[in-house]
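Colleague: See query39.txt below, with compact mmCIF, N, CA and C atoms.
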# COMPACT_ATOMS: atom_id res chain seq x y z
N MET B 1 13.44 20.11 0.46
CA MET B 1 12.12 19.50 0.64
C MET B 1 11.02 20.45 0.20
N ALA B 2 11.28 21.14 -0.87
CA ALA B 2 10.30 22.09 -1.37
C ALA B 2 9.06 21.41 -1.91
N GLY B 3 9.18 20.14 -2.32
CA GLY B 3 8.05 19.43 -2.90
C GLY B 3 7.08 18.86 -1.88
N LEU B 4 7.46 18.82 -0.61
CA LEU B 4 6.59 18.25 0.40
C LEU B 4 5.50 19.23 0.80
N ILE B 5 4.33 18.72 1.02
CA ILE B 5 3.23 19.53 1.51
C ILE B 5 3.42 19.73 3.00
N SER B 6 3.13 20.90 3.47
CA SER B 6 3.29 21.20 4.90
C SER B 6 2.48 20.21 5.74
N GLY B 7 3.13 19.59 6.70
CA GLY B 7 2.45 18.66 7.59
C GLY B 7 2.42 17.24 7.08
N SER B 8 3.02 16.96 5.92
CA SER B 8 3.01 15.59 5.40
C SER B 8 4.05 14.76 6.13
N PRO B 9 3.81 13.48 6.30
CA PRO B 9 4.78 12.63 7.00
C PRO B 9 6.05 12.46 6.17
N GLU B 10 7.17 12.28 6.86
CA GLU B 10 8.44 12.14 6.17
C GLU B 10 8.96 10.71 6.19
N HIS B 11 8.12 9.74 6.52
CA HIS B 11 8.55 8.35 6.50
C HIS B 11 7.96 7.66 5.27
N GLU B 12 8.55 6.53 4.92
CA GLU B 12 8.09 5.82 3.74
C GLU B 12 6.81 5.06 4.03
N ALA B 13 6.04 4.85 2.99
CA ALA B 13 4.79 4.10 3.12
C ALA B 13 5.11 2.63 3.38
N PRO B 14 4.25 1.95 4.14
CA PRO B 14 4.49 0.52 4.39
C PRO B 14 4.25 -0.30 3.13
N GLU B 15 4.80 -1.49 3.12
CA GLU B 15 4.59 -2.41 2.00
C GLU B 15 3.11 -2.79 1.93
N PRO B 16 2.58 -2.99 0.72
CA PRO B 16 1.17 -3.39 0.60
C PRO B 16 0.95 -4.80 1.17
N LEU B 17 -0.21 -5.01 1.73
CA LEU B 17 -0.54 -6.32 2.28
C LEU B 17 -0.89 -7.27 1.14
N GLU B 18 -0.40 -8.47 1.22
CA GLU B 18 -0.73 -9.49 0.23
C GLU B 18 -1.48 -10.60 0.94
N GLY B 19 -2.41 -11.17 0.25
CA GLY B 19 -3.19 -12.26 0.81
C GLY B 19 -3.95 -12.94 -0.31
N PRO B 20 -5.00 -13.64 0.03
CA PRO B 20 -5.80 -14.33 -1.00
C PRO B 20 -6.69 -13.32 -1.75
N VAL B 21 -6.08 -12.53 -2.61
CA VAL B 21 -6.79 -11.42 -3.27
C VAL B 21 -7.92 -11.93 -4.15
N VAL B 22 -7.66 -12.95 -4.95
CA VAL B 22 -8.68 -13.46 -5.86
C VAL B 22 -9.88 -13.97 -5.07
N ALA B 23 -9.62 -14.74 -4.03
CA ALA B 23 -10.72 -15.28 -3.21
C ALA B 23 -11.50 -14.16 -2.53
N THR B 24 -10.82 -13.12 -2.10
CA THR B 24 -11.49 -12.00 -1.45
C THR B 24 -12.44 -11.29 -2.42
N ILE B 25 -11.97 -11.05 -3.64
CA ILE B 25 -12.80 -10.35 -4.63
C ILE B 25 -13.97 -11.24 -5.06
N VAL B 26 -13.72 -12.53 -5.26
CA VAL B 26 -14.80 -13.44 -5.62
C VAL B 26 -15.85 -13.49 -4.51
N GLY B 27 -15.40 -13.58 -3.27
CA GLY B 27 -16.33 -13.60 -2.14
C GLY B 27 -17.16 -12.33 -2.05
N GLY B 28 -16.53 -11.19 -2.23
CA GLY B 28 -17.25 -9.92 -2.20
C GLY B 28 -18.26 -9.82 -3.33
N THR B 29 -17.90 -10.28 -4.51
CA THR B 29 -18.82 -10.26 -5.65
C THR B 29 -20.03 -11.14 -5.40
N ILE B 30 -19.79 -12.31 -4.83
CA ILE B 30 -20.90 -13.22 -4.50
C ILE B 30 -21.84 -12.56 -3.49
N ILE B 31 -21.26 -11.91 -2.49
CA ILE B 31 -22.08 -11.24 -1.47
C ILE B 31 -22.96 -10.17 -2.11
N TRP B 32 -22.39 -9.35 -3.01
CA TRP B 32 -23.19 -8.31 -3.67
C TRP B 32 -24.36 -8.92 -4.45
N PHE B 33 -24.09 -10.01 -5.20
CA PHE B 33 -25.17 -10.63 -5.96
C PHE B 33 -26.21 -11.28 -5.06
N VAL B 34 -25.78 -11.89 -3.97
CA VAL B 34 -26.74 -12.48 -3.03
C VAL B 34 -27.62 -11.39 -2.42
N LEU B 35 -27.03 -10.27 -2.05
CA LEU B 35 -27.82 -9.16 -1.51
C LEU B 35 -28.83 -8.66 -2.54
N PHE B 36 -28.42 -8.59 -3.79
CA PHE B 36 -29.36 -8.18 -4.84
C PHE B 36 -30.51 -9.17 -4.95
N LEU B 37 -30.20 -10.46 -5.00
CA LEU B 37 -31.24 -11.48 -5.15
C LEU B 37 -32.17 -11.55 -3.95
N VAL B 38 -31.64 -11.32 -2.75
CA VAL B 38 -32.48 -11.35 -1.54
C VAL B 38 -33.46 -10.18 -1.55
N GLN B 39 -33.03 -9.03 -2.05
CA GLN B 39 -33.89 -7.85 -2.05
C GLN B 39 -34.86 -7.82 -3.23
N LEU B 40 -34.58 -8.55 -4.28
CA LEU B 40 -35.39 -8.50 -5.49
C LEU B 40 -36.87 -8.83 -5.26
N PRO B 41 -37.25 -9.81 -4.44
CA PRO B 41 -38.67 -10.07 -4.22
C PRO B 41 -39.42 -8.90 -3.56
N PHE B 42 -38.68 -8.00 -2.92
CA PHE B 42 -39.29 -6.87 -2.23
C PHE B 42 -39.20 -5.58 -3.05
N TYR B 43 -39.07 -5.73 -4.37
CA TYR B 43 -38.92 -4.56 -5.24
C TYR B 43 -40.07 -3.57 -5.05
N GLY B 44 -41.28 -4.07 -4.92
CA GLY B 44 -42.43 -3.18 -4.74
C GLY B 44 -42.31 -2.32 -3.49
N TRP B 45 -41.89 -2.92 -2.38
CA TRP B 45 -41.72 -2.15 -1.15
C TRP B 45 -40.63 -1.11 -1.32
N PHE B 46 -39.51 -1.51 -1.92
CA PHE B 46 -38.42 -0.55 -2.15
C PHE B 46 -38.89 0.60 -3.04
N ASP B 47 -39.69 0.29 -4.07
CA ASP B 47 -40.18 1.30 -4.98
C ASP B 47 -41.14 2.25 -4.27
N ASP B 48 -42.04 1.69 -3.44
CA ASP B 48 -43.00 2.52 -2.70
C ASP B 48 -42.31 3.49 -1.75
N HIS B 49 -41.18 3.09 -1.18
CA HIS B 49 -40.49 3.91 -0.19
C HIS B 49 -39.29 4.67 -0.75
N GLY B 50 -39.11 4.61 -2.06
CA GLY B 50 -38.02 5.36 -2.69
C GLY B 50 -36.63 4.79 -2.41
N HIS B 51 -36.55 3.48 -2.22
CA HIS B 51 -35.26 2.87 -1.91
C HIS B 51 -34.79 1.87 -2.98
N THR B 52 -35.25 2.05 -4.22
CA THR B 52 -34.82 1.10 -5.26
C THR B 52 -33.31 1.19 -5.51
N TRP B 53 -32.72 2.29 -5.13
CA TRP B 53 -31.28 2.43 -5.31
C TRP B 53 -30.51 1.36 -4.53
N TRP B 54 -31.12 0.81 -3.47
CA TRP B 54 -30.47 -0.27 -2.72
C TRP B 54 -30.24 -1.48 -3.62
N LEU B 55 -31.27 -1.83 -4.40
CA LEU B 55 -31.14 -2.97 -5.31
C LEU B 55 -30.08 -2.69 -6.37
N TRP B 56 -30.14 -1.50 -6.97
CA TRP B 56 -29.23 -1.18 -8.06
C TRP B 56 -27.80 -1.03 -7.56
N THR B 57 -27.62 -0.63 -6.33
CA THR B 57 -26.28 -0.56 -5.75
C THR B 57 -25.69 -1.96 -5.63
N CYS B 58 -26.50 -2.91 -5.17
CA CYS B 58 -26.03 -4.30 -5.05
C CYS B 58 -25.72 -4.88 -6.42
N LEU B 59 -26.55 -4.60 -7.40
CA LEU B 59 -26.30 -5.11 -8.75
C LEU B 59 -25.03 -4.49 -9.33
N ALA B 60 -24.84 -3.19 -9.11
CA ALA B 60 -23.63 -2.53 -9.59
C ALA B 60 -22.39 -3.10 -8.89
N GLY B 61 -22.50 -3.36 -7.58
CA GLY B 61 -21.38 -3.96 -6.86
C GLY B 61 -21.02 -5.32 -7.41
N GLY B 62 -22.02 -6.12 -7.74
CA GLY B 62 -21.76 -7.43 -8.34
C GLY B 62 -21.14 -7.30 -9.72
N GLY B 63 -21.66 -6.38 -10.52
CA GLY B 63 -21.12 -6.18 -11.86
C GLY B 63 -19.69 -5.68 -11.83
N LEU B 64 -19.41 -4.71 -10.96
CA LEU B 64 -18.04 -4.22 -10.83
C LEU B 64 -17.13 -5.29 -10.24
N GLY B 65 -17.71 -6.19 -9.44
CA GLY B 65 -16.94 -7.31 -8.91
C GLY B 65 -16.42 -8.21 -10.01
N PHE B 66 -17.21 -8.39 -11.09
CA PHE B 66 -16.74 -9.20 -12.22
C PHE B 66 -15.51 -8.56 -12.87
N ILE B 67 -15.51 -7.24 -12.96
CA ILE B 67 -14.33 -6.54 -13.48
C ILE B 67 -13.16 -6.75 -12.53
N GLY B 68 -13.43 -6.69 -11.24
CA GLY B 68 -12.38 -6.91 -10.24
C GLY B 68 -11.81 -8.32 -10.31
N ILE B 69 -12.68 -9.30 -10.51
CA ILE B 69 -12.21 -10.70 -10.62
C ILE B 69 -11.29 -10.83 -11.83
N TRP B 70 -11.70 -10.28 -12.95
CA TRP B 70 -10.89 -10.32 -14.16
C TRP B 70 -9.53 -9.67 -13.90
N TYR B 71 -9.54 -8.51 -13.25
CA TYR B 71 -8.31 -7.76 -12.99
C TYR B 71 -7.37 -8.52 -12.06
N VAL B 72 -7.87 -9.00 -10.93
CA VAL B 72 -6.98 -9.65 -9.96
C VAL B 72 -6.48 -11.00 -10.45
N ARG B 73 -7.26 -11.70 -11.27
CA ARG B 73 -6.77 -12.96 -11.83
C ARG B 73 -5.62 -12.71 -12.80
N ARG B 74 -5.74 -11.66 -13.61
CA ARG B 74 -4.65 -11.31 -14.53
C ARG B 74 -3.42 -10.86 -13.74
N ARG B 75 -3.64 -10.09 -12.68
CA ARG B 75 -2.53 -9.62 -11.85
C ARG B 75 -1.83 -10.80 -11.19
N ASP B 76 -2.61 -11.72 -10.64
CA ASP B 76 -2.05 -12.90 -9.98
C ASP B 76 -1.25 -13.74 -10.97
N ALA B 77 -1.76 -13.91 -12.18
CA ALA B 77 -1.05 -14.67 -13.20
C ALA B 77 0.26 -13.97 -13.59
N ALA B 78 0.24 -12.65 -13.69
CA ALA B 78 1.45 -11.90 -14.04
C ALA B 78 2.50 -12.03 -12.93
N ILE B 79 2.07 -11.98 -11.69
CA ILE B 79 3.00 -12.13 -10.57
C ILE B 79 3.62 -13.52 -10.59
N LYS B 80 2.82 -14.54 -10.85
CA LYS B 80 3.34 -15.91 -10.91
C LYS B 80 4.31 -16.09 -12.08
N ARG B 81 4.00 -15.46 -13.23
CA ARG B 81 4.91 -15.54 -14.37
C ARG B 81 6.24 -14.87 -14.04
N ALA B 82 6.19 -13.72 -13.38
CA ALA B 82 7.42 -13.01 -13.01
C ALA B 82 8.25 -13.82 -12.02
N GLU B 83 7.59 -14.47 -11.06
CA GLU B 83 8.32 -15.30 -10.10
C GLU B 83 8.95 -16.51 -10.79
N ALA B 84 8.22 -17.12 -11.72
CA ALA B 84 8.76 -18.28 -12.44
C ALA B 84 9.95 -17.86 -13.29
N ALA B 85 9.89 -16.70 -13.92
CA ALA B 85 11.00 -16.21 -14.74
C ALA B 85 12.21 -15.91 -13.86
N ALA B 86 11.98 -15.37 -12.68
CA ALA B 86 13.08 -15.06 -11.77
C ALA B 86 13.74 -16.35 -11.27
N GLU B 87 12.96 -17.38 -11.03
CA GLU B 87 13.51 -18.66 -10.57
C GLU B 87 14.25 -19.38 -11.69
N ALA B 88 13.85 -19.16 -12.93
CA ALA B 88 14.47 -19.83 -14.07
C ALA B 88 15.86 -19.28 -14.36
N ARG B 89 16.12 -18.03 -13.97
CA ARG B 89 17.44 -17.45 -14.19
C ARG B 89 18.45 -18.11 -13.25
N VAL B 90 19.62 -18.31 -13.76
CA VAL B 90 20.70 -18.88 -12.94
C VAL B 90 21.25 -17.77 -12.05
N PRO B 91 21.41 -18.02 -10.75
CA PRO B 91 21.95 -16.97 -9.86
C PRO B 91 23.32 -16.51 -10.35
N GLY B 92 23.53 -15.21 -10.34
CA GLY B 92 24.80 -14.63 -10.73
C GLY B 92 24.92 -14.37 -12.23
N GLN B 93 23.94 -14.80 -12.99
CA GLN B 93 23.99 -14.58 -14.44
C GLN B 93 23.19 -13.34 -14.77
N SER B 94 23.75 -12.43 -15.55
CA SER B 94 23.03 -11.21 -15.91
C SER B 94 22.10 -11.52 -17.08
N ALA B 95 21.11 -10.67 -17.25
CA ALA B 95 20.14 -10.86 -18.33
C ALA B 95 20.76 -10.53 -19.69
N ALA B 96 21.77 -9.64 -19.72
CA ALA B 96 22.39 -9.24 -20.98
C ALA B 96 23.52 -10.21 -21.31
N PRO B 97 23.70 -10.50 -22.61
CA PRO B 97 24.80 -11.40 -22.99
C PRO B 97 26.14 -10.72 -22.75
N SER B 98 27.16 -11.51 -22.44
CA SER B 98 28.48 -10.94 -22.18
C SER B 98 29.15 -10.56 -23.49
N ALA B 99 30.10 -9.62 -23.42
CA ALA B 99 30.79 -9.13 -24.61
C ALA B 99 32.12 -9.85 -24.81
N ASP B 100 32.24 -11.11 -24.45
CA ASP B 100 33.50 -11.87 -24.57
C ASP B 100 33.82 -12.16 -25.98
Have the structure of the file written as structure tokens, please.
Modeller:
Amino acid sequence: MAGLISGSPEHEAPEPLEGPVVATIVGGTIIWFVLFLVQLPFYGWFDDHGHTWWLWTCLAGGGLGFIGIWYVRRRDAAIKRAEAAAEARVPGQSAAPSAD
């Protein structure tokens, strides 16, 4: 166990949680954009008090959310394709052709 860092746990990591990932990312992206739009009419107040970064943080969160939506939709589609391919295989049949 020379590769382990002193004090590191010796048990395996739990399985990742799966859920409505696409809906979660879409919802979060919408929230970021709504927060940006709600704060936008108060830009002058934010500017006077040095808090314009609040607006830009919300806009950045919404923009990065679009990247997240693109990513999780592709991931979800890949998972569904892999499941469909696994179901299409006949049980007990190997992927490689036999040498008969």
Colleague: Here is a test: counting all atoms listed in the file, which residue of B:Trp32, B:Ala78, B:Ala84, B:Val38 is nearest to B:Leu59?
Modeller: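 Nearest candidate to B:Leu59 out of B:Trp32, B:Ala78, B:Ala84, B:Val38: B:Trp32.
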Colleague: What's the separation between atom C of B:Gly61 and atom CA of B:Leu37, in Å to one decimal place?
Modeller: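 Separating atom C of B:Gly61 from atom CA of B:Leu37 is a distance of 12.1 Å.
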Colleague: Calculate how many Å separate atom N of B:Val34 from atom CA of B:Gly62, rounding to one decimal.
Modeller: 7.4 Å
Colleague: For a test of reading the model, state the distance in Å between atom C of B:Thr52 and atom C of B:Leu35, rounded to one decimal.
Modeller: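 Answer for the atom C of B:Thr52 to atom C of B:Leu35 separation: 11.2 Å.
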Colleague: Of the residues B:Glu10, B:Gly65, B:Trp70, B:Ala85, which is the one nearest to B:Ile30, using all atoms listed in the file?
Modeller: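 Among the listed residues, B:Gly65 lies closest to B:Ile30.
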Colleague: With only C-alpha atoms as the atoms that count, which of B:Leu55, B:Glu12, B:Ala60, B:Gly28 lies nearest to B:Pro41?
Modeller: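 So, comparing all the options, the nearest one is B:Leu55.
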Colleague: Please give the complete set of residues from stretch 29-96 of chain B that DSSP, run on the backbone, assigns to alpha helix (DSSP H), formatted as a PDB file with N, CA and C atoms, in the coordinates of the input.
Modeller:
ATOM      1  N   THR B  29     -17.900 -10.280  -4.510  1.00  0.00           N
ATOM      2  CA  THR B  29     -18.820 -10.260  -5.650  1.00  0.00           C
ATOM      3  C   THR B  29     -20.030 -11.140  -5.400  1.00  0.00           C
ATOM      4  N   ILE B  30     -19.790 -12.310  -4.830  1.00  0.00           N
ATOM      5  CA  ILE B  30     -20.900 -13.220  -4.500  1.00  0.00           C
ATOM      6  C   ILE B  30     -21.840 -12.560  -3.490  1.00  0.00           C
ATOM      7  N   ILE B  31     -21.260 -11.910  -2.490  1.00  0.00           N
ATOM      8  CA  ILE B  31     -22.080 -11.240  -1.470  1.00  0.00           C
ATOM      9  C   ILE B  31     -22.960 -10.170  -2.110  1.00  0.00           C
ATOM     10  N   TRP B  32     -22.390  -9.350  -3.010  1.00  0.00           N
ATOM     11  CA  TRP B  32     -23.190  -8.310  -3.670  1.00  0.00           C
ATOM     12  C   TRP B  32     -24.360  -8.920  -4.450  1.00  0.00           C
ATOM     13  N   PHE B  33     -24.090 -10.010  -5.200  1.00  0.00           N
ATOM     14  CA  PHE B  33     -25.170 -10.630  -5.960  1.00  0.00           C
ATOM     15  C   PHE B  33     -26.210 -11.280  -5.060  1.00  0.00           C
ATOM     16  N   VAL B  34     -25.780 -11.890  -3.970  1.00  0.00           N
ATOM     17  CA  VAL B  34     -26.740 -12.480  -3.030  1.00  0.00           C
ATOM     18  C   VAL B  34     -27.620 -11.390  -2.420  1.00  0.00           C
ATOM     19  N   LEU B  35     -27.030 -10.270  -2.050  1.00  0.00           N
ATOM     20  CA  LEU B  35     -27.820  -9.160  -1.510  1.00  0.00           C
ATOM     21  C   LEU B  35     -28.830  -8.660  -2.540  1.00  0.00           C
ATOM     22  N   PHE B  36     -28.420  -8.590  -3.790  1.00  0.00           N
ATOM     23  CA  PHE B  36     -29.360  -8.180  -4.840  1.00  0.00           C
ATOM     24  C   PHE B  36     -30.510  -9.170  -4.950  1.00  0.00           C
ATOM     25  N   LEU B  37     -30.200 -10.460  -5.000  1.00  0.00           N
ATOM     26  CA  LEU B  37     -31.240 -11.480  -5.150  1.00  0.00           C
ATOM     27  C   LEU B  37     -32.170 -11.550  -3.950  1.00  0.00           C
ATOM     28  N   VAL B  38     -31.640 -11.320  -2.750  1.00  0.00           N
ATOM     29  CA  VAL B  38     -32.480 -11.350  -1.540  1.00  0.00           C
ATOM     30  C   VAL B  38     -33.460 -10.180  -1.550  1.00  0.00           C
ATOM     31  N   GLN B  39     -33.030  -9.030  -2.050  1.00  0.00           N
ATOM     32  CA  GLN B  39     -33.890  -7.850  -2.050  1.00  0.00           C
ATOM     33  C   GLN B  39     -34.860  -7.820  -3.230  1.00  0.00           C
ATOM     34  N   TYR B  43     -39.070  -5.730  -4.370  1.00  0.00           N
ATOM     35  CA  TYR B  43     -38.920  -4.560  -5.240  1.00  0.00           C
ATOM     36  C   TYR B  43     -40.070  -3.570  -5.050  1.00  0.00           C
ATOM     37  N   GLY B  44     -41.280  -4.070  -4.920  1.00  0.00           N
ATOM     38  CA  GLY B  44     -42.430  -3.180  -4.740  1.00  0.00           C
ATOM     39  C   GLY B  44     -42.310  -2.320  -3.490  1.00  0.00           C
ATOM     40  N   TRP B  45     -41.890  -2.920  -2.380  1.00  0.00           N
ATOM     41  CA  TRP B  45     -41.720  -2.150  -1.150  1.00  0.00           C
ATOM     42  C   TRP B  45     -40.630  -1.110  -1.320  1.00  0.00           C
ATOM     43  N   PHE B  46     -39.510  -1.510  -1.920  1.00  0.00           N
ATOM     44  CA  PHE B  46     -38.420  -0.550  -2.150  1.00  0.00           C
ATOM     45  C   PHE B  46     -38.890   0.600  -3.040  1.00  0.00           C
ATOM     46  N   ASP B  47     -39.690   0.290  -4.070  1.00  0.00           N
ATOM     47  CA  ASP B  47     -40.180   1.300  -4.980  1.00  0.00           C
ATOM     48  C   ASP B  47     -41.140   2.250  -4.270  1.00  0.00           C
ATOM     49  N   ASP B  48     -42.040   1.690  -3.440  1.00  0.00           N
ATOM     50  CA  ASP B  48     -43.000   2.520  -2.700  1.00  0.00           C
ATOM     51  C   ASP B  48     -42.310   3.490  -1.750  1.00  0.00           C
ATOM     52  N   THR B  52     -35.250   2.050  -4.220  1.00  0.00           N
ATOM     53  CA  THR B  52     -34.820   1.100  -5.260  1.00  0.00           C
ATOM     54  C   THR B  52     -33.310   1.190  -5.510  1.00  0.00           C
ATOM     55  N   TRP B  53     -32.720   2.290  -5.130  1.00  0.00           N
ATOM     56  CA  TRP B  53     -31.280   2.430  -5.310  1.00  0.00           C
ATOM     57  C   TRP B  53     -30.510   1.360  -4.530  1.00  0.00           C
ATOM     58  N   TRP B  54     -31.120   0.810  -3.470  1.00  0.00           N
ATOM     59  CA  TRP B  54     -30.470  -0.270  -2.720  1.00  0.00           C
ATOM     60  C   TRP B  54     -30.240  -1.480  -3.620  1.00  0.00           C
ATOM     61  N   LEU B  55     -31.270  -1.830  -4.400  1.00  0.00           N
ATOM     62  CA  LEU B  55     -31.140  -2.970  -5.310  1.00  0.00           C
ATOM     63  C   LEU B  55     -30.080  -2.690  -6.370  1.00  0.00           C
ATOM     64  N   TRP B  56     -30.140  -1.500  -6.970  1.00  0.00           N
ATOM     65  CA  TRP B  56     -29.230  -1.180  -8.060  1.00  0.00           C
ATOM     66  C   TRP B  56     -27.800  -1.030  -7.560  1.00  0.00           C
ATOM     67  N   THR B  57     -27.620  -0.630  -6.330  1.00  0.00           N
ATOM     68  CA  THR B  57     -26.280  -0.560  -5.750  1.00  0.00           C
ATOM     69  C   THR B  57     -25.690  -1.960  -5.630  1.00  0.00           C
ATOM     70  N   CYS B  58     -26.500  -2.910  -5.170  1.00  0.00           N
ATOM     71  CA  CYS B  58     -26.030  -4.300  -5.050  1.00  0.00           C
ATOM     72  C   CYS B  58     -25.720  -4.880  -6.420  1.00  0.00           C
ATOM     73  N   LEU B  59     -26.550  -4.600  -7.400  1.00  0.00           N
ATOM     74  CA  LEU B  59     -26.300  -5.110  -8.750  1.00  0.00           C
ATOM     75  C   LEU B  59     -25.030  -4.490  -9.330  1.00  0.00           C
ATOM     76  N   ALA B  60     -24.840  -3.190  -9.110  1.00  0.00           N
ATOM     77  CA  ALA B  60     -23.630  -2.530  -9.590  1.00  0.00           C
ATOM     78  C   ALA B  60     -22.390  -3.100  -8.890  1.00  0.00           C
ATOM     79  N   GLY B  61     -22.500  -3.360  -7.580  1.00  0.00           N
ATOM     80  CA  GLY B  61     -21.380  -3.960  -6.860  1.00  0.00           C
ATOM     81  C   GLY B  61     -21.020  -5.320  -7.410  1.00  0.00           C
ATOM     82  N   GLY B  62     -22.020  -6.120  -7.740  1.00  0.00           N
ATOM     83  CA  GLY B  62     -21.760  -7.430  -8.340  1.00  0.00           C
ATOM     84  C   GLY B  62     -21.140  -7.300  -9.720  1.00  0.00           C
ATOM     85  N   GLY B  63     -21.660  -6.380 -10.520  1.00  0.00           N
ATOM     86  CA  GLY B  63     -21.120  -6.180 -11.860  1.00  0.00           C
ATOM     87  C   GLY B  63     -19.690  -5.680 -11.830  1.00  0.00           C
ATOM     88  N   LEU B  64     -19.410  -4.710 -10.960  1.00  0.00           N
ATOM     89  CA  LEU B  64     -18.040  -4.220 -10.830  1.00  0.00           C
ATOM     90  C   LEU B  64     -17.130  -5.290 -10.240  1.00  0.00           C
ATOM     91  N   GLY B  65     -17.710  -6.190  -9.440  1.00  0.00           N
ATOM     92  CA  GLY B  65     -16.940  -7.310  -8.910  1.00  0.00           C
ATOM     93  C   GLY B  65     -16.420  -8.210 -10.010  1.00  0.00           C
ATOM     94  N   PHE B  66     -17.210  -8.390 -11.090  1.00  0.00           N
ATOM     95  CA  PHE B  66     -16.740  -9.200 -12.220  1.00  0.00           C
ATOM     96  C   PHE B  66     -15.510  -8.560 -12.870  1.00  0.00           C
ATOM     97  N   ILE B  67     -15.510  -7.240 -12.960  1.00  0.00           N
ATOM     98  CA  ILE B  67     -14.330  -6.540 -13.480  1.00  0.00           C
ATOM     99  C   ILE B  67     -13.160  -6.750 -12.530  1.00  0.00           C
ATOM    100  N   GLY B  68     -13.430  -6.690 -11.240  1.00  0.00           N
ATOM    101  CA  GLY B  68     -12.380  -6.910 -10.240  1.00  0.00           C
ATOM    102  C   GLY B  68     -11.810  -8.320 -10.310  1.00  0.00           C
ATOM    103  N   ILE B  69     -12.680  -9.300 -10.510  1.00  0.00           N
ATOM    104  CA  ILE B  69     -12.210 -10.700 -10.620  1.00  0.00           C
ATOM    105  C   ILE B  69     -11.290 -10.830 -11.830  1.00  0.00           C
ATOM    106  N   TRP B  70     -11.700 -10.280 -12.950  1.00  0.00           N
ATOM    107  CA  TRP B  70     -10.890 -10.320 -14.160  1.00  0.00           C
ATOM    108  C   TRP B  70      -9.530  -9.670 -13.900  1.00  0.00           C
ATOM    109  N   TYR B  71      -9.540  -8.510 -13.250  1.00  0.00           N
ATOM    110  CA  TYR B  71      -8.310  -7.760 -12.990  1.00  0.00           C
ATOM    111  C   TYR B  71      -7.370  -8.520 -12.060  1.00  0.00           C
ATOM    112  N   VAL B  72      -7.870  -9.000 -10.930  1.00  0.00           N
ATOM    113  CA  VAL B  72      -6.980  -9.650  -9.960  1.00  0.00           C
ATOM    114  C   VAL B  72      -6.480 -11.000 -10.450  1.00  0.00           C
ATOM    115  N   ARG B  73      -7.260 -11.700 -11.270  1.00  0.00           N
ATOM    116  CA  ARG B  73      -6.770 -12.960 -11.830  1.00  0.00           C
ATOM    117  C   ARG B  73      -5.620 -12.710 -12.800  1.00  0.00           C
ATOM    118  N   ARG B  74      -5.740 -11.660 -13.610  1.00  0.00           N
ATOM    119  CA  ARG B  74      -4.650 -11.310 -14.530  1.00  0.00           C
ATOM    120  C   ARG B  74      -3.420 -10.860 -13.740  1.00  0.00           C
ATOM    121  N   ARG B  75      -3.640 -10.090 -12.680  1.00  0.00           N
ATOM    122  CA  ARG B  75      -2.530  -9.620 -11.850  1.00  0.00           C
ATOM    123  C   ARG B  75      -1.830 -10.800 -11.190  1.00  0.00           C
ATOM    124  N   ASP B  76      -2.610 -11.720 -10.640  1.00  0.00           N
ATOM    125  CA  ASP B  76      -2.050 -12.900  -9.980  1.00  0.00           C
ATOM    126  C   ASP B  76      -1.250 -13.740 -10.970  1.00  0.00           C
ATOM    127  N   ALA B  77      -1.760 -13.910 -12.180  1.00  0.00           N
ATOM    128  CA  ALA B  77      -1.050 -14.670 -13.200  1.00  0.00           C
ATOM    129  C   ALA B  77       0.260 -13.970 -13.590  1.00  0.00           C
ATOM    130  N   ALA B  78       0.240 -12.650 -13.690  1.00  0.00           N
ATOM    131  CA  ALA B  78       1.450 -11.900 -14.040  1.00  0.00           C
ATOM    132  C   ALA B  78       2.500 -12.030 -12.930  1.00  0.00           C
ATOM    133  N   ILE B  79       2.070 -11.980 -11.690  1.00  0.00           N
ATOM    134  CA  ILE B  79       3.000 -12.130 -10.570  1.00  0.00           C
ATOM    135  C   ILE B  79       3.620 -13.520 -10.590  1.00  0.00           C
ATOM    136  N   LYS B  80       2.820 -14.540 -10.850  1.00  0.00           N
ATOM    137  CA  LYS B  80       3.340 -15.910 -10.910  1.00  0.00           C
ATOM    138  C   LYS B  80       4.310 -16.090 -12.080  1.00  0.00           C
ATOM    139  N   ARG B  81       4.000 -15.460 -13.230  1.00  0.00           N
ATOM    140  CA  ARG B  81       4.910 -15.540 -14.370  1.00  0.00           C
ATOM    141  C   ARG B  81       6.240 -14.870 -14.040  1.00  0.00           C
ATOM    142  N   ALA B  82       6.190 -13.720 -13.380  1.00  0.00           N
ATOM    143  CA  ALA B  82       7.420 -13.010 -13.010  1.00  0.00           C
ATOM    144  C   ALA B  82       8.250 -13.820 -12.020  1.00  0.00           C
ATOM    145  N   GLU B  83       7.590 -14.470 -11.060  1.00  0.00           N
ATOM    146  CA  GLU B  83       8.320 -15.300 -10.100  1.00  0.00           C
ATOM    147  C   GLU B  83       8.950 -16.510 -10.790  1.00  0.00           C
ATOM    148  N   ALA B  84       8.220 -17.120 -11.720  1.00  0.00           N
ATOM    149  CA  ALA B  84       8.760 -18.280 -12.440  1.00  0.00           C
ATOM    150  C   ALA B  84       9.950 -17.860 -13.290  1.00  0.00           C
ATOM    151  N   ALA B  85       9.890 -16.700 -13.920  1.00  0.00           N
ATOM    152  CA  ALA B  85      11.000 -16.210 -14.740  1.00  0.00           C
ATOM    153  C   ALA B  85      12.210 -15.910 -13.860  1.00  0.00           C
ATOM    154  N   ALA B  86      11.980 -15.370 -12.680  1.00  0.00           N
ATOM    155  CA  ALA B  86      13.080 -15.060 -11.770  1.00  0.00           C
ATOM    156  C   ALA B  86      13.740 -16.350 -11.270  1.00  0.00           C
ATOM    157  N   GLU B  87      12.960 -17.380 -11.030  1.00  0.00           N
ATOM    158  CA  GLU B  87      13.510 -18.660 -10.570  1.00  0.00           C
ATOM    159  C   GLU B  87      14.250 -19.380 -11.690  1.00  0.00           C
ATOM    160  N   ALA B  88      13.850 -19.160 -12.930  1.00  0.00           N
ATOM    161  CA  ALA B  88      14.470 -19.830 -14.070  1.00  0.00           C
ATOM    162  C   ALA B  88      15.860 -19.280 -14.360  1.00  0.00           C
TER     163      ALA B  88
END
Colleague: May I have the protein, DNA and RNA residues with any atom at most 12 Å from the point (2.6, -7.0, -4.2), counting only C-alpha atoms, written as a PyMOL selection string?
Modeller: chain B and resi 14-21+72+75-76+78-80+82-83
